[in-house]
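Shown next: entry18.cif, given as mmCIF, C-alpha atoms, pLDDT in the B column; chains and numbers go by the auth columns.
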data_coords
loop_
_atom_site.group_PDB
_atom_site.id
_atom_site.type_symbol
_atom_site.label_atom_id
_atom_site.label_comp_id
_atom_site.label_asym_id
_atom_site.label_seq_id
_atom_site.Cartn_x
_atom_site.Cartn_y
_atom_site.Cartn_z
_atom_site.B_iso_or_equiv
_atom_site.auth_seq_id
_atom_site.auth_asym_id
ATOM 1 C CA MET A 1 79.070 89.632 90.346 72.00 1 N
ATOM 2 C CA THR A 2 82.581 88.563 91.372 85.00 2 N
ATOM 3 C CA LYS A 3 84.507 91.232 93.217 96.00 3 N
ATOM 4 C CA LYS A 4 87.804 92.122 91.575 97.00 4 N
ATOM 5 C CA LEU A 5 89.935 91.851 94.725 98.00 5 N
ATOM 6 C CA GLN A 6 88.031 89.102 96.524 97.00 6 N
ATOM 7 C CA GLY A 7 90.254 87.370 99.072 96.00 7 N
ATOM 8 C CA LYS A 8 93.286 89.541 98.388 98.00 8 N
ATOM 9 C CA VAL A 9 95.400 91.168 101.100 98.00 9 N
ATOM 10 C CA ALA A 10 96.262 94.815 100.413 98.00 10 N
ATOM 11 C CA VAL A 11 98.573 97.259 102.194 98.00 11 N
ATOM 12 C CA ILE A 12 98.162 100.984 101.552 98.00 12 N
ATOM 13 C CA THR A 13 100.667 103.426 103.001 98.00 13 N
ATOM 14 C CA GLY A 14 99.345 106.926 103.556 97.00 14 N
ATOM 15 C CA GLY A 15 95.873 105.455 103.683 97.00 15 N
ATOM 16 C CA SER A 16 94.214 107.776 106.178 96.00 16 N
ATOM 17 C CA ALA A 17 93.277 110.588 103.775 95.00 17 N
ATOM 18 C CA GLY A 18 93.076 111.655 100.153 95.00 18 N
ATOM 19 C CA ILE A 19 93.995 109.166 97.450 97.00 19 N
ATOM 20 C CA GLY A 20 95.019 106.483 99.941 97.00 20 N
ATOM 21 C CA LEU A 21 91.714 106.651 101.791 97.00 21 N
ATOM 22 C CA GLY A 22 89.703 106.684 98.569 97.00 22 N
ATOM 23 C CA THR A 23 91.596 103.637 97.363 98.00 23 N
ATOM 24 C CA ALA A 24 91.132 101.800 100.665 98.00 24 N
ATOM 25 C CA LYS A 25 87.367 102.235 100.331 98.00 25 N
ATOM 26 C CA HIS A 26 87.364 100.804 96.814 98.00 26 N
ATOM 27 C CA PHE A 27 89.668 97.915 97.747 98.00 27 N
ATOM 28 C CA VAL A 28 87.368 96.932 100.611 98.00 28 N
ATOM 29 C CA ASP A 29 84.321 97.245 98.352 97.00 29 N
ATOM 30 C CA GLU A 30 86.045 94.909 95.889 98.00 30 N
ATOM 31 C CA GLY A 31 86.585 92.263 98.573 98.00 31 N
ATOM 32 C CA ALA A 32 90.115 92.901 99.829 98.00 32 N
ATOM 33 C CA GLN A 33 91.384 92.691 103.386 98.00 33 N
ATOM 34 C CA VAL A 34 93.085 96.075 103.760 98.00 34 N
ATOM 35 C CA PHE A 35 95.806 97.431 106.016 98.00 35 N
ATOM 36 C CA ILE A 36 96.327 101.202 106.004 98.00 36 N
ATOM 37 C CA THR A 37 99.134 103.235 107.546 98.00 37 N
ATOM 38 C CA GLY A 38 99.438 106.867 108.524 97.00 38 N
ATOM 39 C CA ARG A 39 101.307 109.084 110.947 95.00 39 N
ATOM 40 C CA ARG A 40 98.355 110.404 112.966 96.00 40 N
ATOM 41 C CA GLN A 41 96.252 107.987 114.983 97.00 41 N
ATOM 42 C CA SER A 42 93.288 110.350 115.063 96.00 42 N
ATOM 43 C CA GLU A 43 93.155 110.428 111.254 96.00 43 N
ATOM 44 C CA LEU A 44 93.506 106.659 111.082 98.00 44 N
ATOM 45 C CA ASP A 45 90.607 106.236 113.478 97.00 45 N
ATOM 46 C CA LYS A 46 88.441 108.499 111.314 97.00 46 N
ATOM 47 C CA ALA A 47 89.472 106.559 108.202 97.00 47 N
ATOM 48 C CA VAL A 48 88.546 103.204 109.744 97.00 48 N
ATOM 49 C CA THR A 49 85.094 104.540 110.613 97.00 49 N
ATOM 50 C CA GLU A 50 84.657 105.952 107.109 96.00 50 N
ATOM 51 C CA ILE A 51 85.795 102.752 105.387 97.00 51 N
ATOM 52 C CA GLY A 52 83.431 100.751 107.537 92.00 52 N
ATOM 53 C CA GLY A 53 84.960 97.296 107.765 90.00 53 N
ATOM 54 C CA ASN A 54 87.636 94.766 106.798 95.00 54 N
ATOM 55 C CA VAL A 55 90.409 97.300 107.444 98.00 55 N
ATOM 56 C CA THR A 56 93.236 97.457 109.961 98.00 56 N
ATOM 57 C CA ALA A 57 94.949 100.770 110.727 98.00 57 N
ATOM 58 C CA ILE A 58 98.594 100.883 111.793 98.00 58 N
ATOM 59 C CA GLN A 59 100.220 104.107 112.953 98.00 59 N
ATOM 60 C CA ALA A 60 103.541 104.418 111.130 98.00 60 N
ATOM 61 C CA ASP A 61 105.853 106.953 109.541 97.00 61 N
ATOM 62 C CA ALA A 62 106.660 105.941 105.971 95.00 62 N
ATOM 63 C CA SER A 63 110.177 107.376 106.298 95.00 63 N
ATOM 64 C CA SER A 64 111.003 105.208 109.338 97.00 64 N
ATOM 65 C CA LEU A 65 112.522 101.807 108.558 97.00 65 N
ATOM 66 C CA ALA A 66 111.644 100.589 112.056 98.00 66 N
ATOM 67 C CA ASP A 67 108.012 101.534 111.485 98.00 67 N
ATOM 68 C CA ILE A 68 108.002 99.758 108.123 98.00 68 N
ATOM 69 C CA ASP A 69 109.325 96.606 109.795 98.00 69 N
ATOM 70 C CA ARG A 70 106.621 96.830 112.454 98.00 70 N
ATOM 71 C CA VAL A 71 103.891 97.227 109.826 98.00 71 N
ATOM 72 C CA TYR A 72 104.982 94.102 107.986 98.00 72 N
ATOM 73 C CA SER A 73 105.304 92.162 111.219 98.00 73 N
ATOM 74 C CA ILE A 74 101.640 92.907 111.945 98.00 74 N
ATOM 75 C CA VAL A 75 100.578 92.088 108.384 98.00 75 N
ATOM 76 C CA LYS A 76 102.471 88.792 108.483 98.00 76 N
ATOM 77 C CA GLN A 77 100.894 87.846 111.792 98.00 77 N
ATOM 78 C CA ARG A 78 97.331 88.717 110.755 98.00 78 N
ATOM 79 C CA ALA A 79 97.296 87.872 107.050 98.00 79 N
ATOM 80 C CA GLY A 80 100.467 85.967 106.193 98.00 80 N
ATOM 81 C CA ARG A 81 101.063 87.596 102.825 98.00 81 N
ATOM 82 C CA ILE A 82 100.565 90.685 100.652 98.00 82 N
ATOM 83 C CA ASP A 83 98.798 90.493 97.286 98.00 83 N
ATOM 84 C CA VAL A 84 98.598 94.240 96.631 98.00 84 N
ATOM 85 C CA LEU A 85 101.018 96.880 97.914 99.00 85 N
ATOM 86 C CA PHE A 86 100.083 100.499 97.265 98.00 86 N
ATOM 87 C CA ALA A 87 103.147 102.573 98.235 98.00 87 N
ATOM 88 C CA ASN A 88 101.233 105.814 98.366 98.00 88 N
ATOM 89 C CA ALA A 89 102.653 107.799 101.295 96.00 89 N
ATOM 90 C CA GLY A 90 104.356 111.003 100.256 94.00 90 N
ATOM 91 C CA ILE A 91 104.747 114.678 101.040 90.00 91 N
ATOM 92 C CA TYR A 92 105.087 117.894 99.087 83.00 92 N
ATOM 93 C CA GLU A 93 106.021 121.406 100.074 86.00 93 N
ATOM 94 C CA LEU A 94 107.359 124.474 98.345 84.00 94 N
ATOM 95 C CA GLY A 95 111.095 124.968 97.966 91.00 95 N
ATOM 96 C CA THR A 96 112.217 127.778 95.663 90.00 96 N
ATOM 97 C CA PHE A 97 115.505 127.111 93.890 93.00 97 N
ATOM 98 C CA GLY A 98 118.128 129.358 95.455 93.00 98 N
ATOM 99 C CA GLU A 99 116.478 129.010 98.852 92.00 99 N
ATOM 100 C CA ILE A 100 116.307 125.213 99.179 93.00 100 N
ATOM 101 C CA THR A 101 117.454 123.964 102.567 94.00 101 N
ATOM 102 C CA GLU A 102 118.996 120.656 103.601 96.00 102 N
ATOM 103 C CA GLU A 103 115.968 120.062 105.783 95.00 103 N
ATOM 104 C CA HIS A 104 113.577 120.472 102.840 94.00 104 N
ATOM 105 C CA PHE A 105 115.657 118.180 100.619 95.00 105 N
ATOM 106 C CA ASP A 106 116.126 115.488 103.264 96.00 106 N
ATOM 107 C CA LYS A 107 112.515 115.521 104.428 96.00 107 N
ATOM 108 C CA THR A 108 111.129 115.184 100.905 96.00 108 N
ATOM 109 C CA PHE A 109 113.571 112.539 99.691 97.00 109 N
ATOM 110 C CA ASN A 110 113.433 110.560 102.950 97.00 110 N
ATOM 111 C CA THR A 111 109.682 110.057 102.631 96.00 111 N
ATOM 112 C CA ASN A 112 109.089 110.043 98.882 97.00 112 N
ATOM 113 C CA VAL A 113 112.169 108.109 97.731 98.00 113 N
ATOM 114 C CA ARG A 114 113.998 106.424 100.595 98.00 114 N
ATOM 115 C CA GLY A 115 110.810 105.507 102.423 98.00 115 N
ATOM 116 C CA LEU A 116 109.134 104.205 99.282 98.00 116 N
ATOM 117 C CA LEU A 117 112.164 102.130 98.324 98.00 117 N
ATOM 118 C CA PHE A 118 112.276 100.368 101.679 98.00 118 N
ATOM 119 C CA THR A 119 108.496 100.051 101.807 98.00 119 N
ATOM 120 C CA VAL A 120 108.698 97.907 98.683 98.00 120 N
ATOM 121 C CA GLN A 121 111.977 96.133 99.405 98.00 121 N
ATOM 122 C CA LYS A 122 110.944 95.089 102.915 98.00 122 N
ATOM 123 C CA ALA A 123 107.657 93.751 101.531 98.00 123 N
ATOM 124 C CA LEU A 124 109.365 91.345 99.114 98.00 124 N
ATOM 125 C CA PRO A 125 109.309 88.318 101.455 98.00 125 N
ATOM 126 C CA LEU A 126 105.536 88.756 101.887 98.00 126 N
ATOM 127 C CA LEU A 127 104.593 89.489 98.277 98.00 127 N
ATOM 128 C CA SER A 128 102.682 86.562 96.782 98.00 128 N
ATOM 129 C CA LYS A 129 103.020 85.112 93.305 96.00 129 N
ATOM 130 C CA GLY A 130 101.131 87.347 90.897 97.00 130 N
ATOM 131 C CA SER A 131 101.065 90.269 93.309 98.00 131 N
ATOM 132 C CA SER A 132 100.723 93.888 92.258 98.00 132 N
ATOM 133 C CA VAL A 133 102.826 96.787 93.528 98.00 133 N
ATOM 134 C CA ILE A 134 101.528 100.278 92.823 99.00 134 N
ATOM 135 C CA LEU A 135 103.735 103.327 93.355 98.00 135 N
ATOM 136 C CA THR A 136 102.186 106.778 93.629 98.00 136 N
ATOM 137 C CA GLY A 137 103.944 109.030 91.165 97.00 137 N
ATOM 138 C CA SER A 138 102.804 112.356 89.760 96.00 138 N
ATOM 139 C CA ILE A 139 102.602 114.327 86.558 95.00 139 N
ATOM 140 C CA ALA A 140 105.616 116.034 88.155 92.00 140 N
ATOM 141 C CA SER A 141 107.693 113.088 86.907 93.00 141 N
ATOM 142 C CA ILE A 142 107.581 114.631 83.434 93.00 142 N
ATOM 143 C CA LYS A 143 106.519 118.251 84.015 90.00 143 N
ATOM 144 C CA GLY A 144 108.224 121.047 85.893 86.00 144 N
ATOM 145 C CA PHE A 145 106.468 123.260 88.429 86.00 145 N
ATOM 146 C CA PRO A 146 107.794 126.455 90.048 83.00 146 N
ATOM 147 C CA SER A 147 109.265 125.926 93.525 84.00 147 N
ATOM 148 C CA PHE A 148 108.694 122.175 93.288 90.00 148 N
ATOM 149 C CA SER A 149 112.000 120.975 91.829 95.00 149 N
ATOM 150 C CA ILE A 150 112.768 118.697 94.788 95.00 150 N
ATOM 151 C CA TYR A 151 109.306 117.143 94.757 95.00 151 N
ATOM 152 C CA ASP A 152 109.487 116.802 90.963 95.00 152 N
ATOM 153 C CA ALA A 153 112.807 114.977 91.289 96.00 153 N
ATOM 154 C CA THR A 154 111.394 112.500 93.812 97.00 154 N
ATOM 155 C CA LYS A 155 108.584 111.572 91.458 97.00 155 N
ATOM 156 C CA ALA A 156 111.021 111.110 88.565 97.00 156 N
ATOM 157 C CA ALA A 157 113.006 108.774 90.832 98.00 157 N
ATOM 158 C CA ILE A 158 109.875 106.750 91.585 98.00 158 N
ATOM 159 C CA ARG A 159 109.204 106.387 87.851 98.00 159 N
ATOM 160 C CA SER A 160 112.749 105.126 87.405 98.00 160 N
ATOM 161 C CA PHE A 161 112.373 102.629 90.260 98.00 161 N
ATOM 162 C CA ALA A 162 109.539 100.876 88.430 98.00 162 N
ATOM 163 C CA ARG A 163 111.623 100.422 85.291 98.00 163 N
ATOM 164 C CA GLY A 164 114.507 98.922 87.218 98.00 164 N
ATOM 165 C CA TRP A 165 112.563 96.791 89.673 98.00 165 N
ATOM 166 C CA ILE A 166 110.583 94.874 87.045 98.00 166 N
ATOM 167 C CA LEU A 167 113.940 93.635 85.748 98.00 167 N
ATOM 168 C CA ASP A 168 115.350 92.940 89.207 97.00 168 N
ATOM 169 C CA LEU A 169 112.261 90.871 90.021 97.00 169 N
ATOM 170 C CA LYS A 170 112.068 89.006 86.734 96.00 170 N
ATOM 171 C CA GLY A 171 110.831 85.504 87.448 94.00 171 N
ATOM 172 C CA ARG A 172 108.996 86.511 90.667 95.00 172 N
ATOM 173 C CA ASP A 173 105.698 87.250 88.831 97.00 173 N
ATOM 174 C CA ILE A 174 105.378 90.573 90.648 98.00 174 N
ATOM 175 C CA ARG A 175 103.979 93.506 88.692 98.00 175 N
ATOM 176 C CA ILE A 176 105.106 97.053 89.488 98.00 176 N
ATOM 177 C CA ASN A 177 103.366 100.081 88.038 98.00 177 N
ATOM 178 C CA VAL A 178 103.253 103.817 88.741 98.00 178 N
ATOM 179 C CA LEU A 179 99.938 105.594 89.248 98.00 179 N
ATOM 180 C CA SER A 180 100.453 109.289 88.542 98.00 180 N
ATOM 181 C CA PRO A 181 97.764 111.784 89.533 96.00 181 N
ATOM 182 C CA GLY A 182 97.391 115.231 88.105 93.00 182 N
ATOM 183 C CA HIS A 183 95.666 118.104 89.914 90.00 183 N
ATOM 184 C CA THR A 184 93.623 116.247 92.524 91.00 184 N
ATOM 185 C CA GLU A 185 91.400 117.589 95.287 86.00 185 N
ATOM 186 C CA THR A 186 92.958 116.261 98.483 80.00 186 N
ATOM 187 C CA PRO A 187 93.353 117.691 101.999 73.00 187 N
ATOM 188 C CA GLY A 188 97.035 118.302 101.263 69.00 188 N
ATOM 189 C CA LEU A 189 96.273 120.385 98.192 67.00 189 N
ATOM 190 C CA SER A 190 93.725 122.431 100.116 63.00 190 N
ATOM 191 C CA VAL A 191 96.440 123.426 102.576 63.00 191 N
ATOM 192 C CA LEU A 192 98.926 124.281 99.832 63.00 192 N
ATOM 193 C CA ALA A 193 96.667 126.052 97.321 68.00 193 N
ATOM 194 C CA ASP A 194 93.765 128.429 97.938 71.00 194 N
ATOM 195 C CA GLU A 195 90.562 128.413 95.898 77.00 195 N
ATOM 196 C CA ALA A 196 91.881 130.883 93.312 80.00 196 N
ATOM 197 C CA VAL A 197 94.969 128.759 92.675 77.00 197 N
ATOM 198 C CA ARG A 198 92.873 125.606 92.378 78.00 198 N
ATOM 199 C CA ASP A 199 90.560 127.362 89.906 80.00 199 N
ATOM 200 C CA ALA A 200 93.589 128.270 87.793 81.00 200 N
ATOM 201 C CA MET A 201 94.792 124.671 87.928 83.00 201 N
ATOM 202 C CA LYS A 202 91.358 123.402 86.888 84.00 202 N
ATOM 203 C CA ALA A 203 91.295 125.785 83.922 87.00 203 N
ATOM 204 C CA ASN A 204 94.467 124.130 82.639 88.00 204 N
ATOM 205 C CA VAL A 205 92.954 120.626 82.557 94.00 205 N
ATOM 206 C CA PRO A 206 91.575 119.459 79.180 94.00 206 N
ATOM 207 C CA LEU A 207 88.692 117.638 80.884 95.00 207 N
ATOM 208 C CA GLY A 208 87.815 120.872 82.679 92.00 208 N
ATOM 209 C CA ARG A 209 87.832 119.693 86.274 92.00 209 N
ATOM 210 C CA MET A 210 90.096 118.668 89.119 91.00 210 N
ATOM 211 C CA GLY A 211 90.623 115.003 89.814 93.00 211 N
ATOM 212 C CA THR A 212 89.218 113.287 92.893 95.00 212 N
ATOM 213 C CA PRO A 213 90.516 110.479 95.111 96.00 213 N
ATOM 214 C CA ASP A 214 87.728 108.379 93.595 96.00 214 N
ATOM 215 C CA ASP A 215 89.196 108.863 90.108 97.00 215 N
ATOM 216 C CA LEU A 216 92.566 107.598 91.297 98.00 216 N
ATOM 217 C CA ALA A 217 91.041 104.767 93.316 98.00 217 N
ATOM 218 C CA LYS A 218 89.285 103.330 90.282 98.00 218 N
ATOM 219 C CA ALA A 219 92.588 103.240 88.407 98.00 219 N
ATOM 220 C CA ALA A 220 94.288 101.673 91.440 98.00 220 N
ATOM 221 C CA VAL A 221 91.697 98.877 91.451 98.00 221 N
ATOM 222 C CA PHE A 222 92.521 98.230 87.793 98.00 222 N
ATOM 223 C CA LEU A 223 96.252 98.012 88.497 98.00 223 N
ATOM 224 C CA ALA A 224 95.667 95.860 91.581 98.00 224 N
ATOM 225 C CA SER A 225 93.363 93.381 89.885 98.00 225 N
ATOM 226 C CA ASP A 226 93.795 90.669 87.289 96.00 226 N
ATOM 227 C CA ASP A 227 92.361 93.089 84.718 97.00 227 N
ATOM 228 C CA SER A 228 95.939 94.403 84.379 98.00 228 N
ATOM 229 C CA SER A 229 97.663 91.004 84.605 97.00 229 N
ATOM 230 C CA TYR A 230 99.891 91.683 81.556 98.00 230 N
ATOM 231 C CA ILE A 231 100.771 95.253 82.485 98.00 231 N
ATOM 232 C CA THR A 232 103.978 96.074 84.334 98.00 232 N
ATOM 233 C CA GLY A 233 106.478 98.913 84.402 98.00 233 N
ATOM 234 C CA ILE A 234 104.068 101.550 83.122 98.00 234 N
ATOM 235 C CA GLU A 235 103.227 105.012 84.349 98.00 235 N
ATOM 236 C CA LEU A 236 99.464 105.465 84.238 98.00 236 N
ATOM 237 C CA PHE A 237 98.488 109.143 84.221 98.00 237 N
ATOM 238 C CA VAL A 238 95.113 109.885 85.819 97.00 238 N
ATOM 239 C CA ASP A 239 95.195 113.600 85.214 96.00 239 N
ATOM 240 C CA GLY A 240 92.416 114.760 82.912 96.00 240 N
ATOM 241 C CA GLY A 241 95.004 115.085 80.135 96.00 241 N
ATOM 242 C CA VAL A 242 97.125 117.803 81.733 93.00 242 N
ATOM 243 C CA ALA A 243 100.418 115.899 81.359 91.00 243 N
ATOM 244 C CA GLN A 244 99.951 115.488 77.628 87.00 244 N
ATOM 245 C CA PHE A 245 100.871 119.010 76.551 83.00 245 N
#

Target encoding structure tokens, full file:
Amino acid sequence: MTKKLQGKVAVITGGSAGIGLGTAKHFVDEGAQVFITGRRQSELDKAVTEIGGNVTAIQADASSLADIDRVYSIVKQRAGRIDVLFANAGIYELGTFGEITEEHFDKTFNTNVRGLLFTVQKALPLLSKGSSVILTGSIASIKGFPSFSIYDATKAAIRSFARGWILDLKGRDIRINVLSPGHTETPGLSVLADEAVRDAMKANVPLGRMGTPDDLAKAAVFLASDDSSYITGIELFVDGGVAQF
């Protein structure tokens, strides 16, 4: 059976844990040469061992333009091009309206919006004809959550980027889509929400369970592959139905 990403070069930011790590595993299984980035070298080393082969880890902060340049310099040297870019790195933390600080605003927007923008823009010279760009969004692009207004706004901005960029890149044959998870079991969520909170979240999902990185990875493979060759500019919710009411 032909692998869906055979021979393709993929870059995944925030690829050392959670959705990024799950996607890296699937991309490698489907035949891609994968580059992952993350801030902590120890986590990257663990990810490389877990993925098991055909992956290169690069320590980088997604909010640092210098780090982004360094990542693409390495990718260019080792692979020469990018066929799939999964701009997945992002952060979330609580910030109650009325108590929001400049630090909270700047930190969240610098990574989720500014960093993502330059991650994609700086990749343009390396993106091949027919390449796929996947942006990690969230159900927060269309739903509000208490104490998450800044995070929600960053995900709405990402959704807007996709709409604009497919027009800016008309004629380049580059597809850009948003992959938006719902309540997903990741290390980040475990830190933010205890078991009781996660149980309450699960009870609100029509399919009756939390999502997993594997659920998102399967959808990412679809958006990365030729199976979605006539799909661009969409927001694909992988959320068990929770964004639909």

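Of the residues under consideration (N:Gly130, N:Gly20, N:Pro125, N:Pro206), N:Pro125 shows the shortest atom-to-atom contact distance to N:Lys76 when counting all atoms listed in the file.
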
**OP:** For N:Phe109, please output as a PyMOL selection string all residues within 9 Å (counting all atoms listed in the file; exclusion window: fewer than 3 positions along the same chain).
**Re:** chain N and resi 104-106+112-115+150-151+153-154

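When all atoms listed in the file are used to measure the gap to N:Met201, the shortest distance among N:Gly7, N:Gly14, N:Gly80, N:Gly240 belongs to N:Gly240.
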
Emit as lines of an AutoDock Vina configuration file the padded axis-aligned box for all listed atoms of stretch 62-78 of chain N, 5 Å per side, with centre and edge lengths in Å to one decimal.
center_x = 104.9
center_y = 97.6
center_z = 109.2
size_x = 25.2
size_y = 29.5
size_z = 16.5

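Each of N:Ala196, N:Ile231, N:Leu223, N:Leu167 was compared to N:Leu179 using only C-alpha atoms, and N:Leu223 turns out to be the nearest.
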
Original post:
At a cut-off of 9 Å from (108.0, 126.4, 91.4) in the coordinates of the file, what residues are picked up using all atoms listed in the file, written as a ChimeraX atom specification?
Top reply: /N:94-97,144-149

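Across the chains present, the PyMOL selection byres ((chain N and resi 26-33) around 8) applied to this file returns Lys3, Lys4, Leu5, Gln6, Gly7, Lys8, Val9, Ala10, Gly22, Thr23, Ala24, Lys25, Val34, Phe35, Ile51, Gly53, Asn54, Val55, Ala217, Lys218 and Val221 of chain N.
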
**OP:** Find, counting all atoms listed in the file, the residue in N:Ala140, N:Ile36, N:Leu169, N:Ile174 that gets nearest to N:Leu127.
**Re:**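 Going through N:Ala140, N:Ile36, N:Leu169, N:Ile174 one by one, the smallest distance to N:Leu127 is for N:Ile174.
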
Subject >> Nearest-residue call for N:Ser132, choices N:Val48, N:Val178, N:Val84, N:Ala243, using all atoms listed in the file >> reply: N:Val84

Subject >> Interatomic distance, atom CA of N:Asn177 to atom CA of N:Ser141 (Å, one decimal) >> reply: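 Taking atom CA of N:Asn177 as the start and atom CA of N:Ser141 as the end point, the length is 13.8 Å.
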
Original post:
Hey, what comes out of the PyMOL selection byres ((chain N and resi 57-69) around 10) on this file? Could you write it as a PyMOL selection string?
Top reply: chain N and resi 11-16+34-45+47-48+55-56+70-75+87-90+107-120+122-123

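When only C-alpha atoms are used to compute distances to N:Arg172, the closest of the residues N:Leu126, N:Ala220, N:Glu93, N:Asp199 turns out to be N:Leu126.
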
Subject >> N:Ile139 environment, 8 Å, only C-alpha atoms, sequence neighbours closer than 5 positions dropped, as an NGL selection string >> reply: :N and (180-182 or 237 or 239 or 243)

Original post:
If we count all atoms listed in the file, what is near N:Val133 at a cut-off of 6 Å, once residues fewer than 2 positions away on the same chain are taken out, given as a VMD selection string?
Top reply: chain N and resid 84 to 86 175 to 176

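The spacing separating atom CA of N:Lys202 from atom CA of N:Glu185 amounts to 10.2 Å.
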
Subject >> Atom pair atom CA of N:Trp165 / atom CA of N:Lys129: separation (Å) >> reply: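 A separation of 15.5 Å between them.
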
**OP:** Determine the residue membership of the PyMOL selection byres ((chain N and resi 211) around 6) for the file above and supply it as an MDAnalysis selection string.
**Re:** chainID N and resid 183:184 210 212
